[in-house]
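Trainee: Sharing model-v4.pdb, PDB, C-alpha atoms:
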MODEL        1
ATOM      1  CA  PHE A   6      36.319 -13.502 -88.271
ATOM      2  CA  ASP A   7      32.576 -13.946 -88.447
ATOM      3  CA  GLU A   8      32.810 -17.083 -86.338
ATOM      4  CA  ARG A   9      34.828 -15.261 -83.662
ATOM      5  CA  ASP A  10      32.360 -12.366 -83.631
ATOM      6  CA  ALA A  11      29.487 -14.796 -83.255
ATOM      7  CA  ARG A  12      31.178 -16.509 -80.271
ATOM      8  CA  ALA A  13      31.899 -13.112 -78.643
ATOM      9  CA  ASP A  14      28.308 -11.987 -79.122
ATOM     10  CA  ALA A  15      27.036 -15.239 -77.624
ATOM     11  CA  ALA A  16      29.335 -14.853 -74.606
ATOM     12  CA  ALA A  17      28.171 -11.256 -74.105
ATOM     13  CA  ASP A  18      24.543 -12.318 -74.317
ATOM     14  CA  ALA A  19      25.152 -15.067 -71.761
ATOM     15  CA  ALA A  20      26.854 -12.603 -69.405
ATOM     16  CA  ARG A  21      23.973 -10.145 -69.681
ATOM     17  CA  GLU A  22      21.511 -12.956 -69.015
ATOM     18  CA  ARG A  23      23.437 -14.029 -65.892
ATOM     19  CA  HIS A  24      23.588 -10.420 -64.661
ATOM     20  CA  GLU A  25      19.878  -9.888 -65.215
ATOM     21  CA  SER A  26      19.067 -13.167 -63.484
ATOM     22  CA  ALA A  27      21.234 -12.230 -60.526
ATOM     23  CA  ARG A  28      19.578  -8.817 -60.307
ATOM     24  CA  ARG A  29      16.107 -10.325 -60.340
ATOM     25  CA  GLY A  30      17.136 -12.825 -57.664
ATOM     26  CA  SER A  31      18.519 -10.091 -55.420
ATOM     27  CA  ALA A  32      15.342  -8.056 -55.769
ATOM     28  CA  LEU A  33      13.174 -11.047 -54.948
ATOM     29  CA  ALA A  34      15.332 -11.901 -51.936
ATOM     30  CA  ALA A  35      15.175  -8.329 -50.648
ATOM     31  CA  ALA A  36      11.400  -8.243 -51.069
ATOM     32  CA  ALA A  37      11.091 -11.541 -49.274
ATOM     33  CA  GLY A  38      13.229 -10.222 -46.437
ATOM     34  CA  VAL A  39      11.083  -7.124 -46.113
ATOM     35  CA  ASP A  40       7.932  -9.203 -46.151
ATOM     36  CA  SER A  41       9.416 -11.537 -43.581
ATOM     37  CA  ARG A  42      10.353  -8.710 -41.225
ATOM     38  CA  ALA A  43       6.973  -7.026 -41.690
ATOM     39  CA  GLY A  44       5.218 -10.306 -41.035
ATOM     40  CA  ALA A  45       7.215 -10.862 -37.862
ATOM     41  CA  ALA A  46       6.408  -7.331 -36.696
ATOM     42  CA  ARG A  47       2.699  -7.866 -37.366
ATOM     43  CA  ALA A  48       2.831 -11.146 -35.491
ATOM     44  CA  ARG A  49       4.442  -9.441 -32.513
ATOM     45  CA  MET A  50       1.740  -6.771 -32.547
ATOM     46  CA  ARG A  51      -1.017  -9.371 -32.692
ATOM     47  CA  ALA A  52       0.465 -11.617 -30.030
ATOM     48  CA  PRO A  53      -0.616 -10.751 -26.456
ATOM     49  CA  ARG A  54       2.151  -9.596 -24.195
ATOM     50  CA  ARG A  55       3.079 -12.162 -21.646
ATOM     51  CA  PRO A  56       3.529 -10.964 -18.058
ATOM     52  CA  PRO A  57       6.969 -11.413 -16.551
ATOM     53  CA  PRO A  58       7.413 -14.743 -14.813
ATOM     54  CA  VAL A  59       6.315 -14.767 -11.180
ATOM     55  CA  THR A  60       8.938 -15.850  -8.714
ATOM     56  CA  PHE A  61       8.412 -16.732  -5.096
ATOM     57  CA  SER A  62      12.090 -16.519  -4.258
ATOM     58  CA  GLY A  63      12.451 -15.151  -0.747
ATOM     59  CA  VAL A  64       8.745 -15.604   0.112
ATOM     60  CA  ALA A  65       8.531 -17.179   3.552
ATOM     61  CA  ALA A  66       4.846 -18.077   3.457
ATOM     62  CA  THR A  67       1.566 -17.571   1.629
ATOM     63  CA  PHE A  68      -1.837 -17.173   3.274
ATOM     64  CA  GLU A  69      -5.214 -18.222   1.893
ATOM     65  CA  LEU A  70      -8.319 -16.150   2.732
ATOM     66  CA  ASP A  71     -10.920 -18.490   1.182
ATOM     67  CA  GLY A  72     -11.125 -16.425  -1.988
ATOM     68  CA  ALA A  73     -11.619 -13.037  -0.290
ATOM     69  CA  GLY A  74      -9.306 -10.157  -1.099
ATOM     70  CA  ALA A  75      -7.107  -8.671   1.622
ATOM     71  CA  GLY A  76      -8.044  -5.039   2.294
ATOM     72  CA  ALA A  77      -5.818  -4.407   5.319
ATOM     73  CA  LEU A  78      -3.108  -6.156   7.273
ATOM     74  CA  ARG A  79      -1.173  -5.299  10.409
ATOM     75  CA  PHE A  80       1.540  -6.953  12.452
ATOM     76  CA  ALA A  81       1.439  -6.480  16.193
ATOM     77  CA  SER A  82       4.525  -4.757  17.552
ATOM     78  CA  ALA A  83       6.860  -6.542  19.932
ATOM     79  CA  GLY A  84       5.250  -4.663  22.815
ATOM     80  CA  GLY A  85       1.694  -4.823  21.475
ATOM     81  CA  GLY A  86       0.091  -7.172  23.981
ATOM     82  CA  ARG A  87       0.914 -10.335  25.847
ATOM     83  CA  ALA A  88       1.185 -13.767  24.253
ATOM     84  CA  VAL A  89      -2.124 -15.421  23.330
ATOM     85  CA  ASP A  90      -2.235 -19.225  23.140
ATOM     86  CA  GLY A  91       1.554 -19.244  23.268
ATOM     87  CA  VAL A  92       1.867 -16.871  20.293
ATOM     88  CA  PRO A  93       4.025 -13.818  21.067
ATOM     89  CA  ALA A  94       2.754 -10.423  19.978
ATOM     90  CA  ALA A  95       5.469  -9.964  17.368
ATOM     91  CA  SER A  96       4.248 -13.089  15.548
ATOM     92  CA  ARG A  97       0.599 -12.011  15.343
ATOM     93  CA  LEU A  98      -0.633 -10.857  11.941
ATOM     94  CA  ALA A  99      -4.163  -9.543  11.435
ATOM     95  CA  VAL A 100      -5.590  -9.600   7.895
ATOM     96  CA  GLY A 101      -8.876  -7.897   7.044
ATOM     97  CA  GLY A 102     -10.773  -9.384   4.134
ATOM     98  CA  SER A 103     -13.041  -7.893   1.506
ATOM     99  CA  ASP A 104     -15.847 -10.004   2.985
ATOM    100  CA  GLY A 105     -15.532  -8.325   6.399
ATOM    101  CA  ALA A 106     -13.851 -11.257   8.155
ATOM    102  CA  ILE A 107     -10.603 -10.697  10.078
ATOM    103  CA  SER A 108      -8.093 -13.535  10.218
ATOM    104  CA  ILE A 109      -5.426 -13.758  12.907
ATOM    105  CA  PHE A 110      -2.302 -15.665  11.910
ATOM    106  CA  ASP A 111       0.680 -16.914  13.851
ATOM    107  CA  ALA A 112       2.913 -15.642  11.059
ATOM    108  CA  PHE A 113       6.158 -17.214  12.222
ATOM    109  CA  GLY A 114       4.759 -20.511  13.446
ATOM    110  CA  SER A 115       5.871 -20.176  17.057
ATOM    111  CA  ASN A 116       4.281 -23.501  18.036
ATOM    112  CA  ASN A 117       4.605 -25.344  14.751
ATOM    113  CA  ALA A 118       8.247 -25.489  13.738
ATOM    114  CA  GLY A 119       8.215 -22.235  11.805
ATOM    115  CA  VAL A 120       5.111 -23.013   9.717
ATOM    116  CA  PRO A 121       2.504 -20.180   9.657
ATOM    117  CA  VAL A 122      -0.787 -21.095  11.289
ATOM    118  CA  ALA A 123      -4.268 -19.501  11.145
ATOM    119  CA  ARG A 124      -5.324 -19.039  14.774
ATOM    120  CA  GLN A 125      -8.601 -17.093  14.793
ATOM    121  CA  MET A 126     -11.320 -15.552  12.678
ATOM    122  CA  LEU A 127     -13.132 -12.475  13.972
ATOM    123  CA  LEU A 128     -16.631 -12.103  12.532
ATOM    124  CA  GLY A 129     -18.828  -9.026  12.865
ATOM    125  CA  HIS A 130     -18.222  -6.659   9.952
ATOM    126  CA  SER A 131     -20.626  -6.952   7.031
ATOM    127  CA  ALA A 132     -18.421  -5.191   4.444
ATOM    128  CA  ALA A 133     -14.762  -4.921   3.473
ATOM    129  CA  VAL A 134     -12.255  -4.113   6.217
ATOM    130  CA  THR A 135     -10.465  -0.827   5.474
ATOM    131  CA  ASP A 136      -7.887  -0.612   8.281
ATOM    132  CA  LEU A 137      -6.532  -2.375  11.356
ATOM    133  CA  ASP A 138      -4.416  -1.413  14.357
ATOM    134  CA  TRP A 139      -3.145  -3.256  17.411
ATOM    135  CA  SER A 140      -3.312  -1.732  20.868
ATOM    136  CA  PRO A 141       0.100  -0.754  22.294
ATOM    137  CA  SER A 142      -0.979  -2.075  25.686
ATOM    138  CA  GLY A 143       1.173  -4.891  27.007
ATOM    139  CA  ASP A 144      -1.557  -6.335  29.231
ATOM    140  CA  TYR A 145      -4.675  -6.522  27.097
ATOM    141  CA  PRO A 146      -4.355  -7.655  23.447
ATOM    142  CA  LEU A 147      -6.852  -5.465  21.594
ATOM    143  CA  LEU A 148      -7.344  -5.010  17.864
ATOM    144  CA  ALA A 149      -9.214  -2.091  16.286
ATOM    145  CA  SER A 150     -10.825  -2.542  12.878
ATOM    146  CA  ALA A 151     -12.607  -0.164  10.505
ATOM    147  CA  ALA A 152     -14.848  -1.330   7.686
ATOM    148  CA  ALA A 153     -17.015  -0.130   4.831
ATOM    149  CA  ASP A 154     -20.136  -0.994   6.867
ATOM    150  CA  ARG A 155     -19.551   2.361   8.669
ATOM    151  CA  SER A 156     -18.503   0.647  11.893
ATOM    152  CA  LEU A 157     -15.379   0.608  14.000
ATOM    153  CA  ARG A 158     -14.927  -2.437  16.184
ATOM    154  CA  ILE A 159     -12.558  -3.212  19.031
ATOM    155  CA  TRP A 160     -11.762  -6.873  19.582
ATOM    156  CA  ASP A 161     -10.417  -8.784  22.568
ATOM    157  CA  VAL A 162      -8.089 -11.106  20.683
ATOM    158  CA  SER A 163      -7.658 -13.468  23.639
ATOM    159  CA  SER A 164     -11.373 -14.362  23.535
ATOM    160  CA  GLY A 165     -12.289 -13.322  19.981
ATOM    161  CA  ALA A 166     -15.107 -11.109  21.294
ATOM    162  CA  CYS A 167     -16.050  -7.681  19.964
ATOM    163  CA  VAL A 168     -16.002  -5.483  23.069
ATOM    164  CA  ARG A 169     -16.837  -2.118  21.435
ATOM    165  CA  CYS A 170     -18.669  -1.009  18.301
ATOM    166  CA  VAL A 171     -18.802   2.628  17.190
ATOM    167  CA  TYR A 172     -20.565   3.891  14.071
ATOM    168  CA  CYS A 173     -19.506   6.710  11.776
ATOM    169  CA  VAL A 174     -21.978   9.593  12.120
ATOM    170  CA  ASP A 175     -20.926  11.926   9.276
ATOM    171  CA  GLY A 176     -22.544   9.829   6.534
ATOM    172  CA  GLY A 177     -19.280   8.226   5.466
ATOM    173  CA  THR A 178     -17.244   5.231   6.560
ATOM    174  CA  PHE A 179     -14.205   4.912   8.789
ATOM    175  CA  ALA A 180     -11.191   4.662   6.495
ATOM    176  CA  ALA A 181      -8.359   4.578   9.056
ATOM    177  CA  VAL A 182      -7.812   3.952  12.773
ATOM    178  CA  ARG A 183      -4.813   4.353  15.080
ATOM    179  CA  PHE A 184      -4.279   3.852  18.790
ATOM    180  CA  ALA A 185      -2.360   6.562  20.619
ATOM    181  CA  PRO A 186       0.998   4.885  21.378
ATOM    182  CA  HIS A 187       1.365   6.668  24.732
ATOM    183  CA  ASN A 188      -2.211   6.123  25.879
ATOM    184  CA  ALA A 189      -3.795   2.836  24.805
ATOM    185  CA  ASN A 190      -7.206   4.052  25.992
ATOM    186  CA  LEU A 191      -7.345   6.617  23.165
ATOM    187  CA  LEU A 192      -8.159   5.706  19.569
ATOM    188  CA  LEU A 193      -8.257   8.132  16.638
ATOM    189  CA  ALA A 194     -10.597   7.264  13.756
ATOM    190  CA  ALA A 195     -10.770   9.043  10.390
ATOM    191  CA  SER A 196     -13.621   8.953   7.890
ATOM    192  CA  ASP A 197     -13.677   9.162   4.119
ATOM    193  CA  ARG A 198     -15.803  12.316   4.501
ATOM    194  CA  GLY A 199     -12.933  14.097   6.265
ATOM    195  CA  ALA A 200     -13.943  13.882   9.939
ATOM    196  CA  LEU A 201     -11.720  12.814  12.837
ATOM    197  CA  ALA A 202     -13.071  11.269  16.039
ATOM    198  CA  LEU A 203     -11.177  10.618  19.279
ATOM    199  CA  ILE A 204     -12.674   7.596  21.004
ATOM    200  CA  ASN A 205     -12.374   6.332  24.574
ATOM    201  CA  VAL A 206     -11.579   2.628  24.221
ATOM    202  CA  SER A 207     -12.972   1.726  27.671
ATOM    203  CA  THR A 208     -16.393   3.282  27.095
ATOM    204  CA  GLY A 209     -16.687   3.648  23.306
ATOM    205  CA  LYS A 210     -17.648   7.306  23.735
ATOM    206  CA  ARG A 211     -16.380  10.122  21.549
ATOM    207  CA  LEU A 212     -14.109  12.479  23.452
ATOM    208  CA  GLY A 213     -13.593  14.943  20.626
ATOM    209  CA  GLU A 214     -14.343  15.495  16.959
ATOM    210  CA  LEU A 215     -12.799  17.604  14.219
ATOM    211  CA  ALA A 216     -13.590  18.285  10.552
ATOM    212  CA  PRO A 217     -10.482  19.917   9.023
ATOM    213  CA  GLY A 218     -12.199  20.517   5.668
ATOM    214  CA  ALA A 219      -9.330  19.092   3.622
ATOM    215  CA  GLY A 220     -11.273  16.289   1.954
ATOM    216  CA  GLY A 221     -11.803  12.667   2.851
ATOM    217  CA  ILE A 222      -9.047  11.120   4.946
ATOM    218  CA  GLU A 223      -7.483   8.040   3.365
ATOM    219  CA  ALA A 224      -4.537   7.263   5.666
ATOM    220  CA  LEU A 225      -3.524   7.770   9.277
ATOM    221  CA  ASP A 226      -0.522   7.092  11.488
ATOM    222  CA  ALA A 227       0.601   7.901  15.025
ATOM    223  CA  SER A 228       3.983   9.231  16.048
ATOM    224  CA  PRO A 229       5.998   6.615  17.980
ATOM    225  CA  SER A 230       7.937   9.262  19.921
ATOM    226  CA  ALA A 231       5.838  12.449  20.189
ATOM    227  CA  PRO A 232       2.830  11.850  22.480
ATOM    228  CA  GLY A 233      -0.519  12.775  20.994
ATOM    229  CA  VAL A 234       0.778  13.497  17.465
ATOM    230  CA  PHE A 235      -0.830  11.941  14.392
ATOM    231  CA  VAL A 236      -0.460  12.489  10.659
ATOM    232  CA  ALA A 237      -3.363  12.139   8.217
ATOM    233  CA  GLY A 238      -3.401  12.005   4.413
ATOM    234  CA  THR A 239      -6.394  13.268   2.437
ATOM    235  CA  GLU A 240      -7.962  12.585  -0.942
ATOM    236  CA  ARG A 241      -6.991  16.111  -2.035
ATOM    237  CA  GLY A 242      -3.272  15.478  -1.612
ATOM    238  CA  ALA A 243      -2.871  17.222   1.744
ATOM    239  CA  VAL A 244      -1.006  16.051   4.838
ATOM    240  CA  LEU A 245      -2.428  17.091   8.205
ATOM    241  CA  VAL A 246      -0.523  17.017  11.464
ATOM    242  CA  VAL A 247      -3.118  16.444  14.190
ATOM    243  CA  THR A 248      -2.407  16.768  17.911
ATOM    244  CA  ILE A 249      -4.366  15.824  21.026
ATOM    245  CA  ARG A 250      -4.340  18.420  23.775
ATOM    246  CA  GLU A 251      -3.715  16.540  26.982
ATOM    247  CA  ASN A 252      -5.637  18.879  29.260
ATOM    248  CA  ASP A 253      -9.001  18.523  27.506
ATOM    249  CA  THR A 254      -8.408  15.761  24.869
ATOM    250  CA  THR A 255      -9.484  18.082  22.046
ATOM    251  CA  LEU A 256      -8.142  17.642  18.529
ATOM    252  CA  HIS A 257      -6.153  20.366  16.815
ATOM    253  CA  VAL A 258      -4.618  20.636  13.322
ATOM    254  CA  ALA A 259      -1.060  21.776  13.978
ATOM    255  CA  GLN A 260       0.013  21.845  10.323
ATOM    256  CA  HIS A 261      -1.595  21.583   6.906
ATOM    257  CA  LEU A 262       0.919  20.623   4.222
ATOM    258  CA  ALA A 263       0.163  20.671   0.492
ATOM    259  CA  LEU A 264       2.319  18.194  -1.423
ATOM    260  CA  PRO A 265       3.754  19.076  -4.852
ATOM    261  CA  ARG A 266       1.820  17.604  -7.768
ATOM    262  CA  LEU A 267       3.597  15.153 -10.030
ATOM    263  CA  THR A 268       0.752  15.128 -12.556
ATOM    264  CA  GLY A 269      -1.785  17.635 -13.794
ATOM    265  CA  GLY A 270      -4.497  16.668 -11.299
ATOM    266  CA  THR A 271      -4.688  16.283  -7.558
ATOM    267  CA  ALA A 272      -3.399  12.928  -6.329
ATOM    268  CA  PRO A 273      -4.778  11.465  -3.102
ATOM    269  CA  VAL A 274      -2.487  10.515  -0.262
ATOM    270  CA  CYS A 275      -2.826   6.737  -0.028
ATOM    271  CA  SER A 276      -0.285   5.959   2.708
ATOM    272  CA  VAL A 277       1.464   7.723   5.595
ATOM    273  CA  ALA A 278       3.991   6.160   7.976
ATOM    274  CA  PHE A 279       6.094   7.737  10.692
ATOM    275  CA  ILE A 280       9.732   6.760  10.917
ATOM    276  CA  ASP A 281      10.689   5.565  14.375
ATOM    277  CA  ALA A 282      13.763   7.770  14.831
ATOM    278  CA  ALA A 283      15.094   5.741  17.737
ATOM    279  CA  ARG A 284      14.815   2.490  15.816
ATOM    280  CA  ASP A 285      15.109   3.236  12.089
ATOM    281  CA  ALA A 286      17.177   6.382  11.654
ATOM    282  CA  PRO A 287      19.628   8.599  13.503
ATOM    283  CA  ARG A 288      18.309  11.779  15.052
ATOM    284  CA  ASP A 289      19.219  14.960  13.229
ATOM    285  CA  SER A 290      18.788  18.676  13.583
ATOM    286  CA  GLY A 291      15.630  18.981  11.462
ATOM    287  CA  ARG A 292      12.437  20.537  12.750
ATOM    288  CA  ASP A 293      10.067  18.248  14.654
ATOM    289  CA  ILE A 294       6.466  18.429  13.458
ATOM    290  CA  GLY A 295       5.210  17.542  16.927
ATOM    291  CA  SER A 296       7.677  19.329  19.164
ATOM    292  CA  GLU A 297      10.826  21.358  18.932
ATOM    293  CA  GLU A 298      13.133  18.575  20.067
ATOM    294  CA  GLY A 299      14.755  16.352  17.446
ATOM    295  CA  ALA A 300      13.297  15.442  14.065
ATOM    296  CA  GLU A 301       9.992  13.733  13.438
ATOM    297  CA  ARG A 302       9.825  12.320   9.926
ATOM    298  CA  CYS A 303       7.110  10.636   7.925
ATOM    299  CA  HIS A 304       6.931   8.817   4.595
ATOM    300  CA  VAL A 305       4.005   9.818   2.393
ATOM    301  CA  ALA A 306       2.880   8.001  -0.771
ATOM    302  CA  THR A 307       0.436   9.494  -3.289
ATOM    303  CA  GLY A 308      -1.785   7.973  -5.939
ATOM    304  CA  ASP A 309       0.277   9.351  -8.830
ATOM    305  CA  GLY A 310       3.393   7.439  -7.776
ATOM    306  CA  GLY A 311       4.899  10.130  -5.552
ATOM    307  CA  LEU A 312       6.895   9.247  -2.453
ATOM    308  CA  PHE A 313       7.763  12.074  -0.068
ATOM    309  CA  LEU A 314       9.697  12.456   3.160
ATOM    310  CA  VAL A 315       7.898  14.993   5.322
ATOM    311  CA  ARG A 316       9.333  16.660   8.399
TER     312      ARG A 316
ENDMDL
END
What is this structure when it is put down as structure tokens?
Mentor:
Amino acid sequence: FDERDARADAAADAARERHESARRGSALAAAAGVDSRAGAARARMRAPRRPPPVTFSGVAATFELDGAGAGALRFASAGGGRAVDGVPAASRLAVGGSDGAISIFDAFGSNNAGVPVARQMLLGHSAAVTDLDWSPSGDYPLLASAAADRSLRIWDVSSGACVRCVYCVDGGTFAAVRFAPHNANLLLAASDRGALALINVSTGKRLGELAPGAGGIEALDASPSAPGVFVAGTERGAVLVVTIRENDTTLHVAQHLALPRLTGGTAPVCSVAFIDAARDAPRDSGRDIGSEEGAERCHVATGDGGLFLVR
């Protein structure tokens, strides 16, 4: 009996020892797992985030500006001037650099088997180019440029010569320029101090000036269908509809629109672009901001990420 009791006690002791060993092992394993997960989390926090991989899928061409940043770029429209050196207007791309130089590219490689080619460099600005616009004239290929050196220049692209130079007189710089689509001899320029100037392209003289008092103007576009109608975006988040009176070429603010705020502060309007109703969208029964016929619509982008469709 004593021998059997001794064997039973030994077996019980062995079982308890195995149980205790298993428990200690489980605890150690759990602690190791926690430490491992915590260590991995700390490693992820310490490791710099890698940007998503860059893909050039679908990119037709890249352009090198000798290290200068691109501040403005503009394609010529299909009707924006005759061919120069065999390059049709629709293939001409103007790029304004942060160094003031303007490069003219044959974007679609009309004479070089589809390979883009740099055709010209227009030199004259001494500071970053802020905006560009091609003349709608089909006979005389002109390019207007605005820059941070307070000047607006008009270039004859066929010769590369600067044919006009106008300086901003309100103490600011020209931030945006647009030709009038229905009269290529008229050019509207907007300054970052909020002034608008209507310029005669042939003489370089100011035909009219206007200071709407809505803040500096950051963006400008011309209506493709309503003659003499422009839209301007300001640093205070306002959209101005500006018209040119044909009888005396004076400027007039037809509408002043305040955009809704997406954030607590005022977001500047950084881009405005009319929609060509005849080309891009069907006409509808909405109200035209330039006339009472049809619908004139404009995309507006703001600095806080807002994108609006304005009528």
Trainee: Calculate how many Å separate CA of Val236 (chain A) from CA of Leu98 (chain A), rounding to one decimal.
Mentor: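 Pair CA of Val236 (chain A) / CA of Leu98 (chain A) returns 23.4 Å.
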Trainee: Residues near Pro217 (chain A), anyone? I mean within 12 Å using only C-alpha atoms, not counting same-chain ones fewer than 3 positions away, as a list in words.
Mentor: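 So the residues in contact are Ala195, Ser196, Arg198, Gly199, Ala200, Leu201, Ala202, Glu214, Gly220, Gly221, Ile222, Ala237, Gly238, Thr239, Ala243, Val244, Leu245, Val246, Val247, Leu256, His257, Val258, Ala259, Gln260 and His261 of chain A.
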Trainee: Could you check which of A:Ser163, A:Thr254, A:Gly209, A:Ala152 is closest to Ala185 (chain A), using only C-alpha atoms?
Mentor: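 Among A:Ser163, A:Thr254, A:Gly209, A:Ala152, it is A:Thr254 that comes nearest to Ala185 (chain A).
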Trainee: If you measure from CA of Pro232 (chain A) to CA of Ile109 (chain A), what distance in Å do you get, rounded to one decimal?
Mentor: 28.6 Å
Trainee: List the spatial neighbours of region 127-134 of chain A as a list in words - criterion: any atom at most 6 Å away, all atoms listed in the file, same-chain residues fewer than 5 positions off excluded.
Mentor: Gly76, Gly101, Gly102, Ser103, Asp104, Gly105, Ala106, Ile107, Ala151, Ala152, Ala153 and Asp154 of chain A
Trainee: What do you get, as a count of residues only, if you spell out every residue that the PyMOL selection byres ((chain A and resi 186) around 9) selects here?
Mentor: 16
Trainee: Put region 214-221 of chain A into a file with all heavy atoms, as a PDB file, in the first residue's frame.
Mentor:
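Heads up, here's the output in part_18.pdb:
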ATOM      1  N   GLU A 214      -9.337 100.518 -67.720  1.00  0.00           N
ATOM      2  CA  GLU A 214      -8.836  99.912 -66.486  1.00  0.00           C
ATOM      3  C   GLU A 214      -9.973  99.818 -65.484  1.00  0.00           C
ATOM      4  O   GLU A 214     -10.913 100.605 -65.504  1.00  0.00           O
ATOM      5  CB  GLU A 214      -7.679 100.730 -65.905  1.00  0.00           C
ATOM      6  CG  GLU A 214      -6.427 100.715 -66.766  1.00  0.00           C
ATOM      7  CD  GLU A 214      -5.288 101.529 -66.170  1.00  0.00           C
ATOM      8  OE1 GLU A 214      -5.563 102.633 -65.657  1.00  0.00           O
ATOM      9  OE2 GLU A 214      -4.142 101.048 -66.217  1.00  0.00           O
ATOM     10  N   LEU A 215      -9.844  98.838 -64.578  1.00  0.00           N
ATOM     11  CA  LEU A 215     -10.889  98.604 -63.584  1.00  0.00           C
ATOM     12  C   LEU A 215     -10.266  97.956 -62.359  1.00  0.00           C
ATOM     13  O   LEU A 215      -9.435  97.054 -62.488  1.00  0.00           O
ATOM     14  CB  LEU A 215     -11.991  97.698 -64.161  1.00  0.00           C
ATOM     15  CG  LEU A 215     -13.143  97.320 -63.239  1.00  0.00           C
ATOM     16  CD1 LEU A 215     -13.982  98.544 -62.894  1.00  0.00           C
ATOM     17  CD2 LEU A 215     -14.010  96.249 -63.893  1.00  0.00           C
ATOM     18  N   ALA A 216     -10.653  98.442 -61.172  1.00  0.00           N
ATOM     19  CA  ALA A 216     -10.212  97.846 -59.910  1.00  0.00           C
ATOM     20  C   ALA A 216     -11.452  97.415 -59.137  1.00  0.00           C
ATOM     21  O   ALA A 216     -12.060  98.225 -58.419  1.00  0.00           O
ATOM     22  CB  ALA A 216      -9.390  98.839 -59.106  1.00  0.00           C
ATOM     23  N   PRO A 217     -11.878  96.158 -59.272  1.00  0.00           N
ATOM     24  CA  PRO A 217     -13.131  95.711 -58.653  1.00  0.00           C
ATOM     25  C   PRO A 217     -13.115  95.724 -57.131  1.00  0.00           C
ATOM     26  O   PRO A 217     -14.167  95.704 -56.502  1.00  0.00           O
ATOM     27  CB  PRO A 217     -13.295  94.276 -59.176  1.00  0.00           C
ATOM     28  CG  PRO A 217     -12.426  94.197 -60.384  1.00  0.00           C
ATOM     29  CD  PRO A 217     -11.282  95.104 -60.108  1.00  0.00           C
ATOM     30  N   GLY A 218     -11.929  95.721 -56.499  1.00  0.00           N
ATOM     31  CA  GLY A 218     -11.861  95.729 -55.055  1.00  0.00           C
ATOM     32  C   GLY A 218     -12.190  94.402 -54.407  1.00  0.00           C
ATOM     33  O   GLY A 218     -12.651  94.365 -53.262  1.00  0.00           O
ATOM     34  N   ALA A 219     -11.942  93.316 -55.125  1.00  0.00           N
ATOM     35  CA  ALA A 219     -12.249  91.976 -54.598  1.00  0.00           C
ATOM     36  C   ALA A 219     -10.989  91.198 -54.249  1.00  0.00           C
ATOM     37  O   ALA A 219     -11.047  89.989 -54.067  1.00  0.00           O
ATOM     38  CB  ALA A 219     -13.083  91.199 -55.617  1.00  0.00           C
ATOM     39  N   GLY A 220      -9.850  91.889 -54.158  1.00  0.00           N
ATOM     40  CA  GLY A 220      -8.605  91.200 -53.866  1.00  0.00           C
ATOM     41  C   GLY A 220      -7.817  90.932 -55.130  1.00  0.00           C
ATOM     42  O   GLY A 220      -8.288  91.147 -56.258  1.00  0.00           O
ATOM     43  N   GLY A 221      -6.578  90.470 -54.931  1.00  0.00           N
ATOM     44  CA  GLY A 221      -5.727  90.154 -56.064  1.00  0.00           C
ATOM     45  C   GLY A 221      -6.339  89.098 -56.964  1.00  0.00           C
ATOM     46  O   GLY A 221      -6.984  88.157 -56.499  1.00  0.00           O
TER      47      GLY A 221
END
